[in-house]
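Chemist: For reference, the structure I am asking about is given below.
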4 protein chains.
Amino acid sequence: MDQRYQPSDSGFAARIRASFERQGFMRLLGATLTRVEPGLVEIEVPFSADLTQQHGYFHAGVASSIADSAGGYAGYTLFPADSSVLTVEFKINLIAPAQGARLSAVGQVVKAGRTLTVCSLDVFALAKADNEQNGPLHRTLCASGLQTLICLHGRADG
Amino acid sequence: MDQRYQPSDSGFAARIRASFERQGFMRLLGATLTRVEPGLVEIEVPFSADLTQQHGYFHAGVASSIADSAGGYAGYTLFPADSSVLTVEFKINLIAPAQGARLSAVGQVVKAGRTLTVCSLDVFALAKADNEQNGPLHRTLCASGLQTLICLHGRADG
Amino acid sequence: MDQRYQPSDSGFAARIRASFERQGFMRLLGATLTRVEPGLVEIEVPFSADLTQQHGYFHAGVASSIADSAGGYAGYTLFPADSSVLTVEFKINLIAPAQGARLSAVGQVVKAGRTLTVCSLDVFALAKADNEQNGPLHRTLCASGLQTLICLHGRADG
Amino acid sequence: MDQRYQPSDSGFAARIRASFERQGFMRLLGATLTRVEPGLVEIEVPFSADLTQQHGYFHAGVASSIADSAGGYAGYTLFPADSSVLTVEFKINLIAPAQGARLSAVGQVVKAGRTLTVCSLDVFALAKADNEQNGPLHRTLCASGLQTLICLHGRADG
C-alpha cells in the first residue's frame, strides 16, 4: 500500500464500490473492481468476442475505458465524501497487442491536488505463454497513459 | 468532401465497412458507421443505460472508443488495400457532459504519412433542447482529441 | 475574428502584452506576439542556430514552448482581469520538420470554462519554396496539439 | 542501471553526447547531459531569468524541452549506430511550480520497439527548503509526461 496517501474519508472503498456499481458501462464490459487502495484502483475484464477489434484482440477502447475508470477511482479514493470525480482528459499509448484471457487496468495517483489530480494508467494483458497452456498467466504491459481528474466539491456522487 | 485526400485504393469504403463489421466491440456498443469519406469517418451510437458512467451520462470510455475507431478508419481510408491500421496512441479532452440521444464521433486526417498518420477526433452529443422536446437534435462538442496511427504495409486486415 | 468569444475584460490585449513581456523565456527565444484576439493568440519566432535540434531544424522544444504560450494567452484573453493562467497539461504531435525562416504558433480556444479551458495548438513553419528563393513564404503545418488551462480567480498576473 | 535494456551499439554514450552537442537549443538553455544509461537519460538546466514564465518560475516550455530531449536520447541509447531519432509526439502534465535552483528531466524507455519507442518523462525541481537556505537541494516532481519516438534506420545522426 502506498504510504504517501491518507484518504480523508475512511469510507472511501464503499463509496467507490457503490459508484462503480452505477456505471452501466462497466457492467456491460463484464468489468470488476479487483483492488481499491488509497491512491490505487485496479479493474479487470475477462476476454470476450464482444470486446474485440478487427484482428480479434481487445479493442483499444476497452483498454482505455477500464483505464479511465481505474484512474478516476484511484483519484476518488482521496477525495472527500461529498464530492464527485470527472475525467478532464487522458492520453494512452497502446504498446503491445491486448491479447489474452484478461485485461487488468491499474490507475495510480501521481499528484493529488485540491482541484486537479493526475494519475498514471497501466493496462496489462494476462495470457498464458504459447508453450505452456496449463501454466500460469503472465502479465504484459499493453498500454500506458496519463490522466487528469477534477474534484467537484460539495456534489456527492450518489 | 475533403479535396486534399485521394485514396490510393478506390475500394476503401467497402474495405472499411468489412473491417468495422469484424469489431465485435462496436457491435456491443450498438455503433454504426454513418460516414466514410477520404480522410473522414463518423461513427454514431444511440444512448443506452448500458453505456453510462455513474451520473447517467455516456461513459468517457464510450466516447473514447468510438472516437478511436472513427480516427483509425479515417486514416485507413487513405492506406493501401493490403495494409492494416493500428492506433499508436490518442489523447482526448472531455469538455462537456456526454448527454443526449446519441453520440457522434468524427475522425479526420490532419496529416497522412507513409508510416504514421495523425487524426483529429471530435465527439458530439446530440440532444433535444430542454424546452423543445419535439424539436430537432442539437450537436454539442463534448470531447476533442488527437490520435497517432501506424500503417502496417503488406498485412491486409481481413 | 471569432464571434463566439466575448472577453469579459475589454483590456485583455494590454494585459496579455504586459504578461508576455514578463516571460524572460519568450525574450530569449526572440519570440513576438503577432496576434491577440478574443480566443486566439499567435506567437512567432525567427530562425536562429540557437534554436536547433541535432539536424539543424527548430527544436521540438521551441515549437512546444511558443505553442504553450500561444495557447495559454489565447485562453487568458477570455479570463477576468484579476486572474492568472496556468497550463495544466498539453500534448503535441510533431508532424513535419520545423524548417524555415520562421515558426508561427497559433493557440485557439476550443472550450472556455470558468475553471478549465481547452485550446488547440497549431505550429506552422514559414519557408520559401526550394525553387523560388525570392518568392513568398509558404506555411506548412509542422505541429498540432491540445492543451488544458486553469484559471486562478482573484490572483492577478502582474 | 536498468537490466532490461541491452544497447545494440556499445558506443551509444559517445553517439548521444555528440548528438546533444549539435543541439544549439540545449546550449542556449544552458542544459547539460547528467546521465546516459541504457534506456535512461537525464538532462539538467540551472535557473536563469532567461528561462522564466510571467511569475518568475521556469517556463513550461523549458521543462518540456529538456524532457523531450531526455526522452529522445533515452530511446536513442537503444537504437542502432546508423539511425536517427525523431519525436512523434509527447504529452506533459505540469503538476507543481517549476521553481528552484535547477530543473532535472529524466527520460526512461517504457517500451522499446524496432520502429516506435515509448518513454516516460519526469521533470524535477531542485530547490532548498524554505527554512534551510544552507541545506541540501530537495527534488520535487514538477512535470510528468509520455512520449512516442520513431527510429529512422539507415540514417545516421551526424
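Identifiers in this document derive from the order of the C-alpha cells: chains are assigned A, B, ..., residues are numbered from 1 separately in each chain, and ligands are numbered from 1 in order of occurrence.
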Residues at most 9 Å from Ser19 in chain A, counting only C-alpha atoms, excluding those fewer than 2 positions away in the same chain, as a PyMOL selection string?
Modeler: (chain A and resi 14-17+21-23+73+157-158) or (chain B and resi 53-55)
Chemist: Once DSSP has gone over the backbone, tell me which residues of range 21-80 of chain A are in strand (DSSP E or B), as a list in words.
Modeler: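 Strand (DSSP E or B) assignments inside range 21-80 of chain A correspond to Thr32, Leu33, Thr34, Arg35, Val36, Glu37, Leu40, Val41, Glu42, Ile43, Glu44, Val45, Pro46, Thr52 and Phe58 of chain A.
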Chemist: Store the residues picked out above, limited to N, CA and C atoms, as a PDB file, in the first residue's frame.
Modeler:
```pdb
ATOM      1  N   THR A  32     -14.730  -5.929 -13.301  1.00  0.00           N
ATOM      2  CA  THR A  32     -14.839  -5.974 -11.847  1.00  0.00           C
ATOM      3  C   THR A  32     -13.722  -5.151 -11.214  1.00  0.00           C
ATOM      4  N   LEU A  33     -14.043  -4.612 -10.039  1.00  0.00           N
ATOM      5  CA  LEU A  33     -13.068  -3.879  -9.227  1.00  0.00           C
ATOM      6  C   LEU A  33     -12.235  -4.911  -8.479  1.00  0.00           C
ATOM      7  N   THR A  34     -10.946  -4.994  -8.739  1.00  0.00           N
ATOM      8  CA  THR A  34     -10.144  -6.023  -8.081  1.00  0.00           C
ATOM      9  C   THR A  34      -9.230  -5.471  -6.983  1.00  0.00           C
ATOM     10  N   ARG A  35      -8.939  -4.178  -6.998  1.00  0.00           N
ATOM     11  CA  ARG A  35      -8.185  -3.556  -5.906  1.00  0.00           C
ATOM     12  C   ARG A  35      -8.695  -2.131  -5.704  1.00  0.00           C
ATOM     13  N   VAL A  36      -8.904  -1.758  -4.429  1.00  0.00           N
ATOM     14  CA  VAL A  36      -9.277  -0.381  -4.078  1.00  0.00           C
ATOM     15  C   VAL A  36      -8.428   0.013  -2.875  1.00  0.00           C
ATOM     16  N   GLU A  37      -7.390   0.782  -3.101  1.00  0.00           N
ATOM     17  CA  GLU A  37      -6.469   1.193  -2.040  1.00  0.00           C
ATOM     18  C   GLU A  37      -6.267   2.704  -2.135  1.00  0.00           C
ATOM     19  N   LEU A  40      -4.855   4.043  -5.425  1.00  0.00           N
ATOM     20  CA  LEU A  40      -4.685   2.973  -6.425  1.00  0.00           C
ATOM     21  C   LEU A  40      -5.966   2.157  -6.596  1.00  0.00           C
ATOM     22  N   VAL A  41      -6.384   1.985  -7.841  1.00  0.00           N
ATOM     23  CA  VAL A  41      -7.534   1.116  -8.141  1.00  0.00           C
ATOM     24  C   VAL A  41      -7.184   0.247  -9.342  1.00  0.00           C
ATOM     25  N   GLU A  42      -7.593  -1.029  -9.252  1.00  0.00           N
ATOM     26  CA  GLU A  42      -7.419  -1.946 -10.376  1.00  0.00           C
ATOM     27  C   GLU A  42      -8.779  -2.465 -10.823  1.00  0.00           C
ATOM     28  N   ILE A  43      -8.953  -2.518 -12.137  1.00  0.00           N
ATOM     29  CA  ILE A  43     -10.190  -3.050 -12.742  1.00  0.00           C
ATOM     30  C   ILE A  43      -9.792  -4.117 -13.754  1.00  0.00           C
ATOM     31  N   GLU A  44     -10.486  -5.256 -13.699  1.00  0.00           N
ATOM     32  CA  GLU A  44     -10.194  -6.330 -14.644  1.00  0.00           C
ATOM     33  C   GLU A  44     -11.410  -6.666 -15.480  1.00  0.00           C
ATOM     34  N   VAL A  45     -11.133  -7.173 -16.682  1.00  0.00           N
ATOM     35  CA  VAL A  45     -12.200  -7.590 -17.570  1.00  0.00           C
ATOM     36  C   VAL A  45     -11.751  -8.866 -18.281  1.00  0.00           C
ATOM     37  N   PRO A  46     -12.628  -9.903 -18.285  1.00  0.00           N
ATOM     38  CA  PRO A  46     -12.259 -11.146 -18.980  1.00  0.00           C
ATOM     39  C   PRO A  46     -12.475 -11.005 -20.491  1.00  0.00           C
ATOM     40  N   THR A  52     -13.771  -7.124 -28.951  1.00  0.00           N
ATOM     41  CA  THR A  52     -12.626  -7.186 -29.874  1.00  0.00           C
ATOM     42  C   THR A  52     -12.612  -6.071 -30.905  1.00  0.00           C
ATOM     43  N   PHE A  58      -8.403  -7.487 -27.783  1.00  0.00           N
ATOM     44  CA  PHE A  58      -9.222  -6.490 -27.087  1.00  0.00           C
ATOM     45  C   PHE A  58      -9.138  -5.166 -27.853  1.00  0.00           C
TER      46      PHE A  58
END
```
Chemist: Each residue of chain B lying at most 10 Å from chain D should get a row with its shortest atom-to-atom pair and the distance in Å to one decimal, counting only C-alpha atoms; could you produce that, ordered by chain and increasing number, as CSV?
Modeler:
```
residue,atom,partner,partner_atom,distance
B:Val88,CA,D:Thr148,CA,8.5
B:Glu89,CA,D:Thr148,CA,8.5
B:Lys91,CA,D:Lys91,CA,8.5
B:Thr115,CA,D:Thr115,CA,9.6
B:Leu116,CA,D:Val88,CA,8.8
B:Val118,CA,D:Val88,CA,9.8
B:Gln147,CA,D:Glu89,CA,9.8
B:Thr148,CA,D:Glu89,CA,8.5
B:Ile150,CA,D:Leu116,CA,9.6
```
Chemist: Export, as an mmCIF file, in the first residue's frame, the selected residues with C-alpha atoms.
Modeler:
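Saved the output as out-v8.cif:
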```cif
data_model
loop_
_atom_site.group_PDB
_atom_site.id
_atom_site.type_symbol
_atom_site.label_atom_id
_atom_site.label_comp_id
_atom_site.auth_asym_id
_atom_site.auth_seq_id
_atom_site.Cartn_x
_atom_site.Cartn_y
_atom_site.Cartn_z
ATOM 1 C CA VAL B 88 -0.249 4.101 -31.612
ATOM 2 C CA GLU B 89 -1.769 6.477 -29.052
ATOM 3 C CA LYS B 91 -5.345 11.846 -26.196
ATOM 4 C CA THR B 115 4.159 5.079 -41.823
ATOM 5 C CA LEU B 116 2.404 7.417 -39.374
ATOM 6 C CA VAL B 118 -2.290 11.895 -37.340
ATOM 7 C CA GLN B 147 -4.546 10.385 -32.405
ATOM 8 C CA THR B 148 -1.464 8.768 -33.968
ATOM 9 C CA ILE B 150 0.581 3.353 -37.839
#
```
Chemist: All in-order C-alpha pairs, least squares, chain D moved onto chain B. Output the fitted coordinates as a compact mmCIF listing (two decimals) with C-alpha atoms, in the first residue's frame, please.
Modeler:
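Below you can see result.txt, which holds the result:
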```
# COMPACT_ATOMS: atom_id res chain seq x y z
CA MET D 1 -15.62 16.09 -49.16
CA ASP D 2 -12.02 16.95 -48.37
CA GLN D 3 -10.29 17.55 -51.71
CA ARG D 4 -6.84 17.22 -50.16
CA TYR D 5 -7.05 13.45 -49.91
CA GLN D 6 -7.04 10.96 -52.78
CA PRO D 7 -7.35 7.35 -51.58
CA SER D 8 -4.90 5.03 -53.34
CA ASP D 9 -7.46 2.22 -53.02
CA SER D 10 -10.75 3.02 -54.74
CA GLY D 11 -12.38 0.22 -52.73
CA PHE D 12 -11.63 1.92 -49.43
CA ALA D 13 -15.24 2.25 -48.28
CA ALA D 14 -16.04 -1.45 -48.68
CA ARG D 15 -12.73 -2.37 -47.02
CA ILE D 16 -13.57 -0.19 -44.02
CA ARG D 17 -17.14 -1.45 -43.70
CA ALA D 18 -15.85 -5.04 -43.71
CA SER D 19 -13.25 -4.24 -41.04
CA PHE D 20 -15.83 -2.41 -38.91
CA GLU D 21 -18.09 -5.49 -39.08
CA ARG D 22 -15.25 -7.52 -37.53
CA GLN D 23 -15.05 -5.23 -34.49
CA GLY D 24 -17.15 -7.15 -31.98
CA PHE D 25 -16.86 -4.21 -29.62
CA MET D 26 -18.56 -1.74 -32.00
CA ARG D 27 -21.48 -4.21 -32.25
CA LEU D 28 -21.67 -4.46 -28.45
CA LEU D 29 -21.87 -0.65 -28.25
CA GLY D 30 -24.62 -0.54 -30.90
CA ALA D 31 -22.37 1.68 -33.04
CA THR D 32 -22.88 2.31 -36.74
CA LEU D 33 -20.67 3.78 -39.45
CA THR D 34 -22.50 6.88 -40.63
CA ARG D 35 -19.89 8.50 -42.92
CA VAL D 36 -16.91 7.03 -44.80
CA GLU D 37 -15.10 9.59 -46.95
CA PRO D 38 -11.46 10.10 -47.93
CA GLY D 39 -9.77 11.13 -44.69
CA LEU D 40 -13.00 11.27 -42.66
CA VAL D 41 -15.11 8.70 -40.82
CA GLU D 42 -18.08 9.21 -38.51
CA ILE D 43 -19.42 6.64 -36.05
CA GLU D 44 -22.63 7.04 -34.06
CA VAL D 45 -24.03 5.25 -31.05
CA PRO D 46 -27.53 5.61 -29.55
CA PHE D 47 -27.97 6.15 -25.82
CA SER D 48 -28.47 3.14 -23.61
CA ALA D 49 -28.25 2.62 -19.84
CA ASP D 50 -25.56 0.05 -20.68
CA LEU D 51 -23.24 2.83 -21.81
CA THR D 52 -23.34 5.08 -18.75
CA GLN D 53 -20.96 6.29 -16.11
CA GLN D 54 -22.04 6.86 -12.50
CA HIS D 55 -24.08 10.02 -13.21
CA GLY D 56 -26.11 8.52 -16.05
CA TYR D 57 -24.22 10.19 -18.93
CA PHE D 58 -22.35 8.32 -21.64
CA HIS D 59 -19.14 6.90 -20.12
CA ALA D 60 -15.94 8.64 -21.27
CA GLY D 61 -14.85 5.19 -22.42
CA VAL D 62 -17.71 5.06 -24.94
CA ALA D 63 -16.81 8.45 -26.35
CA SER D 64 -13.15 7.41 -26.48
CA SER D 65 -13.91 4.05 -28.09
CA ILE D 66 -15.96 5.38 -30.98
CA ALA D 67 -13.51 8.28 -31.38
CA ASP D 68 -10.60 5.82 -31.58
CA SER D 69 -12.38 3.70 -34.20
CA ALA D 70 -13.51 6.76 -36.19
CA GLY D 71 -9.96 8.14 -36.28
CA GLY D 72 -8.44 4.75 -37.09
CA TYR D 73 -10.78 4.24 -40.03
CA ALA D 74 -10.34 7.85 -41.20
CA GLY D 75 -6.63 7.10 -41.57
CA TYR D 76 -7.39 3.69 -43.07
CA THR D 77 -9.37 5.30 -45.94
CA LEU D 78 -6.02 6.53 -47.27
CA PHE D 79 -3.99 3.36 -46.67
CA PRO D 80 -3.24 0.78 -49.40
CA ALA D 81 -5.57 -2.20 -49.81
CA ASP D 82 -3.03 -4.70 -48.45
CA SER D 83 -2.36 -2.90 -45.16
CA SER D 84 -3.65 -2.82 -41.60
CA VAL D 85 -4.08 0.09 -39.21
CA LEU D 86 -3.16 0.21 -35.53
CA THR D 87 -3.61 3.02 -33.02
CA VAL D 88 -0.26 4.13 -31.61
CA GLU D 89 -1.77 6.47 -29.04
CA PHE D 90 -4.51 9.01 -28.55
CA LYS D 91 -5.35 11.86 -26.19
CA ILE D 92 -8.83 13.11 -25.53
CA ASN D 93 -10.27 16.05 -23.59
CA LEU D 94 -13.78 15.61 -22.20
CA ILE D 95 -15.15 19.12 -22.43
CA ALA D 96 -18.88 18.78 -21.75
CA PRO D 97 -21.20 16.11 -20.33
CA ALA D 98 -21.82 13.42 -22.97
CA GLN D 99 -25.57 13.60 -22.56
CA GLY D 100 -28.27 13.04 -25.14
CA ALA D 101 -30.00 10.66 -27.50
CA ARG D 102 -26.85 9.84 -29.48
CA LEU D 103 -23.10 10.32 -29.56
CA SER D 104 -21.32 11.02 -32.84
CA ALA D 105 -17.55 10.70 -33.23
CA VAL D 106 -15.80 12.24 -36.22
CA GLY D 107 -12.21 11.28 -37.04
CA GLN D 108 -10.36 13.39 -39.62
CA VAL D 109 -6.88 13.04 -41.04
CA VAL D 110 -4.67 16.01 -40.11
CA LYS D 111 -1.51 14.60 -41.69
CA ALA D 112 -1.21 11.47 -43.80
CA GLY D 113 2.18 9.78 -43.91
CA ARG D 114 3.56 6.55 -45.29
CA THR D 115 4.17 5.09 -41.82
CA LEU D 116 2.41 7.43 -39.38
CA THR D 117 -0.86 9.31 -39.75
CA VAL D 118 -2.29 11.89 -37.34
CA CYS D 119 -6.04 12.41 -36.90
CA SER D 120 -8.21 14.86 -35.02
CA LEU D 121 -11.08 13.39 -33.02
CA ASP D 122 -14.31 15.22 -32.21
CA VAL D 123 -17.23 13.76 -30.31
CA PHE D 124 -20.65 15.41 -30.33
CA ALA D 125 -23.64 14.80 -28.08
CA LEU D 126 -26.93 15.01 -29.99
CA ALA D 127 -29.73 16.11 -27.70
CA LYS D 128 -33.01 17.97 -27.79
CA ALA D 129 -33.08 21.39 -26.19
CA ASP D 130 -34.62 21.33 -22.70
CA ASN D 131 -37.57 23.42 -23.76
CA GLU D 132 -38.44 21.78 -27.07
CA GLN D 133 -38.84 18.05 -26.63
CA ASN D 134 -40.37 17.73 -30.09
CA GLY D 135 -37.67 19.81 -31.72
CA PRO D 136 -34.57 18.77 -33.64
CA LEU D 137 -31.39 17.30 -32.13
CA HIS D 138 -28.67 19.85 -31.38
CA ARG D 139 -24.98 18.95 -31.65
CA THR D 140 -22.72 19.87 -28.74
CA LEU D 141 -18.99 19.21 -28.85
CA CYS D 142 -18.35 17.01 -25.82
CA ALA D 143 -14.85 15.68 -26.48
CA SER D 144 -11.87 16.64 -28.62
CA GLY D 145 -8.74 14.62 -29.22
CA LEU D 146 -5.67 13.84 -31.27
CA GLN D 147 -4.54 10.40 -32.40
CA THR D 148 -1.47 8.78 -33.98
CA LEU D 149 -1.89 5.74 -36.26
CA ILE D 150 0.59 3.37 -37.84
CA CYS D 151 0.18 1.68 -41.23
CA LEU D 152 1.32 -1.94 -41.38
CA HIS D 153 2.18 -2.38 -45.06
CA GLY D 154 1.70 -5.78 -46.68
CA ARG D 155 -0.54 -7.07 -43.91
CA ALA D 156 -4.13 -7.01 -45.11
CA ASP D 157 -6.74 -6.54 -42.43
CA GLY D 158 -9.07 -9.48 -43.18
```
Chemist: Where does DSSP see helix (DSSP H, G or I) in range 66-143 of chain A, if you list the residues as a PDB file with N, CA and C atoms, in the first residue's frame?
Modeler:
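Printed below is states.pdb as written:
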```pdb
ATOM      1  N   ILE A  66     -11.454   0.873 -19.236  1.00  0.00           N
ATOM      2  CA  ILE A  66     -11.176   0.400 -17.869  1.00  0.00           C
ATOM      3  C   ILE A  66     -10.018   1.205 -17.268  1.00  0.00           C
ATOM      4  N   ALA A  67      -9.101   1.671 -18.095  1.00  0.00           N
ATOM      5  CA  ALA A  67      -8.020   2.534 -17.589  1.00  0.00           C
ATOM      6  C   ALA A  67      -8.594   3.856 -17.085  1.00  0.00           C
ATOM      7  N   ASP A  68      -9.531   4.424 -17.843  1.00  0.00           N
ATOM      8  CA  ASP A  68     -10.145   5.688 -17.423  1.00  0.00           C
ATOM      9  C   ASP A  68     -10.878   5.518 -16.099  1.00  0.00           C
ATOM     10  N   SER A  69     -11.652   4.441 -15.962  1.00  0.00           N
ATOM     11  CA  SER A  69     -12.371   4.227 -14.693  1.00  0.00           C
ATOM     12  C   SER A  69     -11.403   3.927 -13.555  1.00  0.00           C
ATOM     13  N   ALA A  70     -10.359   3.146 -13.819  1.00  0.00           N
ATOM     14  CA  ALA A  70      -9.394   2.823 -12.756  1.00  0.00           C
ATOM     15  C   ALA A  70      -8.698   4.088 -12.258  1.00  0.00           C
ATOM     16  N   GLY A  71      -8.287   4.944 -13.194  1.00  0.00           N
ATOM     17  CA  GLY A  71      -7.643   6.197 -12.795  1.00  0.00           C
ATOM     18  C   GLY A  71      -8.612   7.114 -12.070  1.00  0.00           C
ATOM     19  N   GLY A  72      -9.818   7.228 -12.584  1.00  0.00           N
ATOM     20  CA  GLY A  72     -10.818   8.092 -11.951  1.00  0.00           C
ATOM     21  C   GLY A  72     -11.075   7.672 -10.509  1.00  0.00           C
ATOM     22  N   TYR A  73     -11.225   6.371 -10.301  1.00  0.00           N
ATOM     23  CA  TYR A  73     -11.494   5.906  -8.935  1.00  0.00           C
ATOM     24  C   TYR A  73     -10.241   5.946  -8.063  1.00  0.00           C
ATOM     25  N   ALA A  74      -9.063   5.802  -8.641  1.00  0.00           N
ATOM     26  CA  ALA A  74      -7.828   5.965  -7.862  1.00  0.00           C
ATOM     27  C   ALA A  74      -7.782   7.377  -7.266  1.00  0.00           C
ATOM     28  N   GLY A  75      -8.099   8.368  -8.100  1.00  0.00           N
ATOM     29  CA  GLY A  75      -8.164   9.735  -7.582  1.00  0.00           C
ATOM     30  C   GLY A  75      -9.260   9.883  -6.541  1.00  0.00           C
ATOM     31  N   TYR A  76     -10.398   9.260  -6.828  1.00  0.00           N
ATOM     32  CA  TYR A  76     -11.581   9.408  -5.974  1.00  0.00           C
ATOM     33  C   TYR A  76     -11.356   8.820  -4.584  1.00  0.00           C
TER      34      TYR A  76
END
```
